[in-house]
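Containing compact mmCIF, C-alpha atoms: protein_22.txt.
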# COMPACT_ATOMS: atom_id res chain seq x y z
CA MET A 11 -22.70 9.35 11.21
CA THR A 12 -22.23 12.70 9.44
CA LYS A 13 -19.99 13.39 6.45
CA ALA A 14 -17.33 14.77 8.78
CA THR A 15 -17.44 12.07 11.49
CA PRO A 16 -14.06 10.32 11.83
CA PHE A 17 -14.16 6.54 11.52
CA PHE A 18 -12.22 3.58 10.19
CA TRP A 19 -13.41 0.46 8.37
CA MET A 20 -11.56 -2.58 7.11
CA ASN A 21 -13.33 -5.63 5.73
CA GLY A 22 -16.11 -5.83 8.27
CA ILE A 23 -14.45 -4.10 11.23
CA LEU A 24 -15.86 -0.64 11.96
CA ALA A 25 -14.29 1.73 14.49
CA HIS A 26 -15.76 5.06 15.56
CA ASP A 27 -15.82 7.46 18.52
CA LEU A 28 -12.38 8.98 17.92
CA LEU A 29 -10.49 9.45 21.20
CA GLU A 30 -7.08 10.70 20.13
CA ILE A 31 -4.58 10.97 17.29
CA SER A 32 -0.90 10.20 17.83
CA HIS A 33 2.15 10.32 15.58
CA ASP A 34 4.18 8.08 17.91
CA PRO A 35 4.02 4.29 17.36
CA ALA A 36 4.72 3.85 21.07
CA SER A 37 1.07 4.80 21.59
CA LEU A 38 0.06 1.46 20.07
CA GLN A 39 1.39 -0.34 23.14
CA ASP A 40 -1.58 0.70 25.30
CA GLY A 41 -3.79 -2.20 24.15
CA GLY A 42 -6.50 -0.02 22.62
CA PHE A 43 -7.86 -0.19 19.08
CA TRP A 44 -5.87 2.02 16.74
CA ALA A 45 -6.38 2.71 13.06
CA VAL A 46 -2.97 3.22 11.48
CA SER A 47 -1.65 4.90 8.35
CA THR A 48 2.09 5.15 7.83
CA SER A 49 3.53 7.20 5.01
CA PHE A 50 6.16 5.75 2.70
CA GLU A 51 8.53 8.31 4.19
CA GLY A 52 8.02 6.94 7.71
CA GLU A 53 5.45 9.23 9.33
CA TRP A 54 2.82 7.57 11.52
CA ILE A 55 -0.82 8.58 11.97
CA CYS A 56 -2.42 6.49 14.72
CA ALA A 57 -6.07 7.09 15.61
CA ARG A 58 -7.50 5.49 18.76
CA PHE A 59 -11.21 4.75 18.63
CA GLY A 60 -13.48 3.97 21.55
CA THR A 61 -16.03 1.75 19.80
CA VAL A 62 -15.24 -1.23 17.57
CA VAL A 63 -17.94 -3.44 16.06
CA ASP A 64 -18.43 -5.92 13.23
CA ALA A 65 -20.35 -3.98 10.60
CA ARG A 66 -20.60 -3.09 6.96
CA LEU A 67 -19.13 0.10 5.61
CA PRO A 68 -21.52 2.93 6.58
CA SER A 69 -23.83 4.06 3.80
CA PRO A 70 -23.12 7.40 2.15
CA THR A 71 -25.70 10.18 2.06
CA LEU A 72 -24.82 10.93 -1.60
CA ILE A 73 -23.88 8.92 -4.64
CA TRP A 74 -20.45 9.26 -6.23
CA GLU A 75 -20.40 11.81 -9.02
CA LYS A 76 -17.71 10.71 -11.44
CA ILE A 77 -14.76 13.04 -11.87
CA VAL A 78 -14.68 14.89 -15.18
CA SER A 79 -11.35 16.71 -14.80
CA PRO A 80 -8.18 15.01 -16.10
CA TRP A 81 -5.59 13.29 -13.90
CA ALA A 82 -2.13 14.83 -14.14
CA THR A 83 0.91 12.60 -13.59
CA SER A 84 3.95 13.50 -11.52
CA ILE A 85 6.21 11.71 -14.04
CA ASP A 86 5.28 11.65 -17.72
CA ARG A 87 6.02 8.72 -20.00
CA ASP A 88 9.38 9.91 -21.32
CA ALA A 89 10.60 10.80 -17.83
CA TYR A 90 9.40 7.44 -16.50
CA LEU A 91 11.25 5.56 -19.24
CA GLU A 92 14.39 7.49 -18.29
CA TYR A 93 13.76 6.65 -14.61
CA VAL A 94 13.64 2.94 -15.50
CA GLN A 95 16.87 3.24 -17.50
CA GLU A 96 18.53 5.08 -14.60
CA ILE A 97 17.58 2.22 -12.28
CA GLN A 98 19.10 -0.24 -14.76
CA ARG A 99 22.31 1.80 -14.82
CA GLN A 100 22.39 1.60 -11.02
CA ILE A 101 21.84 -2.16 -11.23
CA ALA A 102 24.71 -2.46 -13.71
CA SER A 103 26.97 -0.57 -11.29
CA GLY A 104 26.09 -2.99 -8.48
CA TRP A 105 24.40 -0.30 -6.36
CA VAL A 106 20.95 -1.92 -6.35
CA TYR A 107 19.18 -5.04 -7.62
CA GLN A 108 15.57 -3.91 -7.88
CA VAL A 109 13.61 -0.67 -7.38
CA ASN A 110 9.88 -0.03 -7.32
CA ALA A 111 9.41 3.05 -9.52
CA CYS A 112 6.20 4.97 -8.83
CA ARG A 113 4.34 7.99 -10.11
CA GLN A 114 1.47 9.95 -8.62
CA LEU A 115 -1.77 10.93 -10.34
CA GLN A 116 -3.80 13.87 -9.07
CA THR A 117 -6.93 15.76 -10.01
CA PRO A 118 -8.75 18.71 -8.43
CA ILE A 119 -11.59 17.88 -6.06
CA SER A 120 -13.85 20.06 -3.94
CA ASN A 121 -13.21 19.91 -0.22
CA ASP A 122 -16.96 19.34 0.16
CA VAL A 123 -16.77 16.00 -1.67
CA GLY A 124 -16.16 13.00 0.59
CA LEU A 125 -14.67 9.69 -0.55
CA LEU A 126 -17.18 7.38 1.16
CA PRO A 127 -19.40 7.13 -1.96
CA LEU A 128 -16.29 6.31 -4.01
CA MET A 129 -15.35 3.58 -1.55
CA HIS A 130 -18.76 1.98 -2.04
CA GLU A 131 -18.24 2.04 -5.80
CA MET A 132 -14.84 0.42 -5.32
CA LEU A 133 -16.27 -2.35 -3.16
CA ALA A 134 -18.94 -3.06 -5.76
CA SER A 135 -16.65 -3.04 -8.80
CA ASN A 136 -13.23 -3.90 -7.39
CA PRO A 137 -13.50 -5.96 -4.18
CA ALA A 138 -10.15 -6.50 -2.48
CA PRO A 139 -9.00 -8.66 0.44
CA TYR A 140 -7.69 -5.66 2.39
CA ALA A 141 -10.20 -3.01 1.36
CA SER A 142 -10.26 -0.19 3.90
CA PHE A 143 -11.49 3.33 4.49
CA MET A 144 -10.15 5.94 6.90
CA ARG A 145 -11.62 9.34 7.60
CA LEU A 146 -9.77 11.63 10.00
CA PRO A 147 -9.53 15.41 10.23
CA ASP A 148 -7.46 16.51 7.20
CA LEU A 149 -7.03 12.96 5.86
CA GLU A 150 -9.31 10.61 3.95
CA ILE A 151 -8.16 7.30 2.42
CA ALA A 152 -10.12 4.86 0.26
CA SER A 153 -8.13 1.72 -0.50
CA ALA A 154 -8.70 -1.46 -2.50
CA SER A 155 -5.39 -3.01 -1.54
CA PRO A 156 -4.79 -6.64 -2.52
CA GLU A 157 -1.55 -6.89 -0.52
CA LEU A 158 -0.90 -7.92 3.08
CA PHE A 159 1.85 -5.94 4.77
CA LEU A 160 1.61 -7.53 8.20
CA SER A 161 -0.80 -9.79 10.03
CA ARG A 162 -0.18 -10.35 13.73
CA VAL A 163 -1.79 -12.72 16.22
CA GLY A 164 0.13 -12.81 19.48
CA LEU A 165 3.76 -13.29 18.50
CA ASP A 166 2.97 -14.88 15.12
CA VAL A 167 3.37 -12.57 12.12
CA THR A 168 2.94 -12.97 8.36
CA SER A 169 3.69 -10.72 5.39
CA GLY A 170 2.38 -11.42 1.89
CA PRO A 171 4.27 -9.37 -0.73
CA ILE A 172 3.04 -9.07 -4.31
CA LYS A 173 5.63 -9.05 -7.08
CA GLY A 174 4.40 -9.85 -10.57
CA THR A 175 1.30 -8.55 -12.34
CA ASN A 176 -0.56 -9.99 -15.35
CA VAL A 177 -3.87 -9.21 -16.97
CA ALA A 178 -6.90 -10.99 -15.49
CA ASN A 179 -6.79 -14.81 -15.31
CA ASP A 180 -3.30 -15.07 -16.83
CA LEU A 181 -1.70 -17.47 -14.35
CA VAL A 182 1.60 -17.92 -16.19
CA PHE A 183 4.37 -15.63 -14.97
CA GLY A 184 7.74 -15.18 -16.65
CA GLU A 185 11.19 -15.58 -15.16
CA LYS A 186 11.51 -11.81 -14.59
CA ASP A 187 8.45 -11.78 -12.30
CA LYS A 188 9.53 -14.92 -10.46
CA ALA A 189 13.05 -13.63 -9.89
CA GLU A 190 11.72 -10.28 -8.65
CA ASN A 191 9.30 -12.00 -6.27
CA ILE A 192 12.02 -14.22 -4.81
CA MET A 193 14.29 -11.18 -4.40
CA ILE A 194 11.63 -9.42 -2.31
CA VAL A 195 10.93 -12.61 -0.33
CA ASP A 196 14.60 -12.63 0.66
CA LEU A 197 14.41 -8.94 1.60
CA ILE A 198 11.38 -9.47 3.84
CA ARG A 199 12.93 -12.58 5.39
CA ASN A 200 15.83 -10.35 6.34
CA ASP A 201 13.52 -7.60 7.68
CA LEU A 202 11.52 -10.06 9.77
CA GLY A 203 14.75 -11.62 11.02
CA LYS A 204 15.55 -8.36 12.79
CA ILE A 205 12.50 -8.68 15.06
CA CYS A 206 11.71 -12.41 15.10
CA GLN A 207 13.08 -15.26 17.18
CA PRO A 208 16.10 -16.96 15.57
CA GLY A 209 15.15 -19.76 13.22
CA SER A 210 11.45 -18.90 13.18
CA VAL A 211 11.27 -17.05 9.84
CA HIS A 212 10.04 -19.30 7.04
CA VAL A 213 8.18 -19.17 3.70
CA PRO A 214 4.92 -21.17 3.82
CA ARG A 215 3.83 -20.05 0.35
CA LEU A 216 6.07 -19.18 -2.61
CA LEU A 217 5.14 -17.84 -6.07
CA ALA A 218 1.39 -18.39 -5.86
CA PRO A 219 -0.84 -16.76 -8.53
CA GLU A 220 -3.81 -14.82 -7.09
CA VAL A 221 -6.67 -13.62 -9.28
CA HIS A 222 -8.07 -10.16 -8.49
CA PRO A 223 -10.50 -7.95 -10.44
CA GLY A 224 -8.83 -7.19 -13.75
CA LEU A 225 -5.40 -8.45 -12.64
CA THR A 226 -3.53 -11.57 -11.55
CA HIS A 227 -0.72 -11.16 -9.02
CA LEU A 228 2.18 -13.36 -7.97
CA VAL A 229 2.22 -13.63 -4.18
CA SER A 230 4.43 -15.23 -1.53
CA ASP A 231 4.02 -15.44 2.25
CA ILE A 232 6.80 -15.00 4.82
CA ALA A 233 6.05 -15.83 8.46
CA GLY A 234 7.86 -15.73 11.78
CA THR A 235 7.55 -15.52 15.55
CA LEU A 236 8.28 -12.16 17.14
CA ARG A 237 10.74 -11.82 20.00
CA PRO A 238 8.94 -11.40 23.34
CA ASN A 239 8.27 -7.80 24.41
CA ILE A 240 8.89 -6.41 20.92
CA THR A 241 7.45 -2.90 20.47
CA TRP A 242 5.58 -1.44 17.52
CA ALA A 243 8.30 1.17 17.14
CA GLU A 244 10.84 -1.66 16.68
CA ILE A 245 8.53 -3.43 14.21
CA GLY A 246 8.15 -0.23 12.22
CA ARG A 247 11.89 0.44 12.09
CA ALA A 248 12.54 -3.08 10.80
CA LEU A 249 9.75 -3.35 8.22
CA LEU A 250 8.90 0.13 6.92
CA PRO A 251 8.60 1.05 4.17
CA PRO A 252 7.27 -2.27 2.84
CA GLY A 253 9.90 -4.13 0.85
CA SER A 254 7.64 -4.87 -2.11
CA VAL A 255 7.20 -1.15 -2.86
CA SER A 256 10.77 -0.03 -2.18
CA GLY A 257 13.38 -2.41 -3.56
CA ALA A 258 16.50 -4.38 -2.76
CA PRO A 259 18.73 -3.65 -1.00
CA LYS A 260 16.16 -1.41 0.64
CA SER A 261 18.57 1.31 1.77
CA SER A 262 20.02 1.72 -1.74
CA ALA A 263 16.60 1.54 -3.41
CA LEU A 264 15.27 4.32 -1.18
CA LYS A 265 18.11 6.60 -2.27
CA VAL A 266 17.33 5.93 -5.93
CA ILE A 267 13.64 6.67 -5.29
CA GLU A 268 14.42 9.91 -3.47
CA ARG A 269 16.60 11.13 -6.36
CA ASN A 270 14.02 10.35 -9.05
CA GLU A 271 10.54 10.83 -7.53
CA HIS A 272 10.01 14.48 -6.76
CA HIS A 273 6.73 14.06 -4.87
CA LYS A 274 6.45 12.39 -1.50
CA ARG A 275 4.43 9.18 -1.81
CA GLY A 276 2.66 9.95 1.47
CA PRO A 277 0.06 7.32 2.48
CA TYR A 278 0.59 5.52 -0.85
CA CYS A 279 2.97 2.57 -0.38
CA GLY A 280 2.83 2.90 3.40
CA GLY A 281 0.98 0.62 5.83
CA LEU A 282 -2.77 0.93 6.34
CA GLY A 283 -4.94 -0.98 8.80
CA TRP A 284 -5.40 -1.54 12.49
CA VAL A 285 -3.55 -2.55 15.65
CA HIS A 286 -5.33 -3.87 18.74
CA GLY A 287 -2.92 -5.02 21.41
CA GLU A 288 -1.11 -8.09 20.07
CA LYS A 289 -3.42 -8.39 17.07
CA ALA A 290 -3.01 -6.41 13.86
CA ARG A 291 -3.92 -6.39 10.20
CA LEU A 292 -2.04 -3.93 7.99
CA ALA A 293 -2.16 -3.74 4.20
CA VAL A 294 0.33 -2.19 1.82
CA ALA A 295 -1.52 0.96 0.76
CA ILE A 296 -1.57 0.37 -2.99
CA ARG A 297 -4.66 0.76 -5.24
CA THR A 298 -5.39 3.70 -2.96
CA PHE A 299 -7.03 7.13 -3.29
CA TRP A 300 -6.29 9.78 -0.68
CA ARG A 301 -6.86 13.44 0.02
CA THR A 302 -5.48 15.85 2.62
CA GLY A 303 -7.75 18.88 2.23
CA ASP A 304 -5.52 20.76 -0.22
CA GLY A 305 -8.03 20.50 -3.07
CA PHE A 306 -6.62 17.41 -4.81
CA LEU A 307 -7.48 13.73 -4.98
CA ARG A 308 -4.43 11.51 -5.45
CA PHE A 309 -3.71 7.97 -6.62
CA GLY A 310 -0.36 6.21 -6.92
CA THR A 311 0.83 3.55 -9.34
CA GLY A 312 4.16 1.86 -9.96
CA ALA A 313 6.15 -1.13 -11.19
CA GLY A 314 9.11 -3.14 -10.01
CA ILE A 315 12.21 -2.55 -12.11
CA THR A 316 14.99 -5.10 -12.62
CA TRP A 317 17.84 -5.52 -15.08
CA ALA A 318 15.47 -7.55 -17.29
CA SER A 319 12.81 -4.83 -17.42
CA ASP A 320 11.53 -3.41 -20.70
CA PRO A 321 10.99 0.30 -19.90
CA MET A 322 7.90 0.62 -22.10
CA LYS A 323 6.31 -2.50 -20.60
CA GLU A 324 6.92 -1.13 -17.11
CA TRP A 325 5.17 2.11 -18.07
CA ASP A 326 2.29 0.03 -19.44
CA GLU A 327 2.13 -1.84 -16.12
CA THR A 328 1.63 1.44 -14.23
CA VAL A 329 -1.21 2.25 -16.63
CA LEU A 330 -2.77 -1.21 -16.18
CA LYS A 331 -2.64 -0.99 -12.39
CA ALA A 332 -4.32 2.43 -12.38
CA ALA A 333 -6.87 1.95 -15.15
CA ARG A 334 -9.58 -0.01 -13.35
CA LEU A 335 -9.83 2.18 -10.25
CA ILE A 336 -9.46 5.44 -12.15
CA SER A 337 -12.33 4.29 -14.39
CA ILE A 338 -14.43 3.88 -11.23
CA ALA A 339 -13.53 7.34 -9.95
CA GLY A 340 -13.83 9.00 -13.36
CA GLY A 341 -11.58 11.29 -15.33
CA GLU A 342 -8.95 10.78 -18.02
CA ILE A 343 -5.28 10.10 -17.27
CA LEU A 344 -3.09 12.62 -19.07

Go through the file and emit its structure as structure tokens.
Amino acid sequence: MTKATPFFWMNGILAHDLLEISHDPASLQDGGFWAVSTSFEGEWICARFGTVVDARLPSPTLIWEKIVSPWATSIDRDAYLEYVQEIQRQIASGWVYQVNACRQLQTPISNDVGLLPLMHEMLASNPAPYASFMRLPDLEIASASPELFLSRVGLDVTSGPIKGTNVANDLVFGEKDKAENIMIVDLIRNDLGKICQPGSVHVPRLLAPEVHPGLTHLVSDIAGTLRPNITWAEIGRALLPPGSVSGAPKSSALKVIERNEHHKRGPYCGGLGWVHGEKARLAVAIRTFWRTGDGFLRFGTGAGITWASDPMKEWDETVLKAARLISIAGGEIL
């Protein structure tokens, strides 16, 4: 497998022999194996592969040379603090209850440098339950996502949103984190209710601490049974973008995000994973590096903002979430 060979890998599943690329989720109905990346803004990239095997991530031909150039941020600290305060003004007006406020880091990178060596470094230093790697023409994604967007087996589906972040091994979450988590659970229950059989949506796990490298997250699970003959286009319309990285109500939160974030999030905060007939495993694409061939490597970070948020602590949370993986990649955050 050469440096340019397209392939997809997610926690032991390796797909290669690229057959086609589609931007229409209707393509997923053909029963083949598709690697999927959806942007936060709703664009689909679906790559159908001819060969799927159980295998480790392919070995790189080179080692990762740490980045030495600084990472610029799309929103600096003062602007982010103002963003948080603007969200709180919108909450006070009754327009929205919670918004996930994000910023994008970027640094120059040569188009000759692939991300496969970086992915190996991430697996060694920051293993994640939904770690995945995608290489397509003009797109490369290396993700250490800890968050389940959607698991599907037949008609049974589960989503596992994260809301609440502490430093490593701190299992005690405050009322702000718990309230935010429950708010997003209700949002996703509503989203799943649009595509699931009446009465089937339930919450098998609520407010469970999960320990990950360097961080502890507060996680809940929402499950349901899809309506028969549901399509992936219908699933996408109901669930995207993921509720945990948008806000509540989702439609209002998206308008606040659009007014305040002046860069498209792209693959960050979208869905990332695979679909194979009536089986699927899609992560929320957080803790994710990506590149599109324009000479920059990008990484997104964010925090959930509520009325109870302390703006400076929310900024610090975006730093905490980025610090471990940026330290693996190299370079200083400006």

Box for range 308-316 of chain A - axis-aligned, 6 Å on each of the six sides, all listed atoms - centre and size in Å to one decimal, as lines of an AutoDock Vina configuration file.
center_x = 5.3
center_y = 3.2
center_z = -9.0
size_x = 31.4
size_y = 28.6
size_z = 19.2

| task | Compile the contact shell of Thr168 in chain A as a PyMOL selection string: residues with an atom at most 12 Å away, counting all atoms listed in the file, same-chain residues fewer than 6 positions apart removed. | result | chain A and resi 157-162+195+198-199+201-202+206+210-215+230-236+249+289-293

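Look at range 135-145 of chain A: the protein and nucleic acid residues within 7 Å of it, using all atoms listed in the file and passing over chain neighbours fewer than 4 places away, are Pro16, Phe17, Phe18, Trp19, Met20, Asn21, Glu131, Leu149, Glu150, Ile151, Ala152, Ser153, Ala154, Ser155, Pro156, Glu157, Pro223 and Ala293 of chain A.
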
| Pick from A:Leu228, A:Ile172, A:Ile97, A:Leu72 nearest to Glu185 in chain A, counting only C-alpha atoms |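 Smallest separation from Glu185 in chain A among the options: A:Leu228.
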
| message | Env of Ser32 in chain A: 10 Å cut, atoms = only C-alpha atoms, seq-sep filter 4 positions within chain, self excluded. Answer as a VMD selection string. | response | chain A and resid 36 to 38 44 46 54 to 58

| Point-to-point distance from CA of Gly287 in chain A to CA of Phe50 in chain A, Å rounded to tenths |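 Answer for the CA of Gly287 in chain A to CA of Phe50 in chain A separation: 23.4 Å.
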
| request: Calculate how many Å separate CA of Gly203 in chain A from CA of Ser254 in chain A, rounding to one decimal. | output: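 Value for the CA of Gly203 in chain A-CA of Ser254 in chain A distance: 16.4 Å.
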
| message | Under the rule that all atoms listed in the file are counted, which of A:Gly104, A:Pro208, A:Gly124, A:Pro118 is the nearest residue to Trp317 in chain A? | response | A:Gly104

| query | Restricting the calculation to only C-alpha atoms, which member of A:Val106, A:Ile85, A:Leu146, A:Cys279 is positioned closest to Trp325 in chain A? | reply |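 Residue with the minimum atom-to-atom distance to Trp325 in chain A: A:Ile85.
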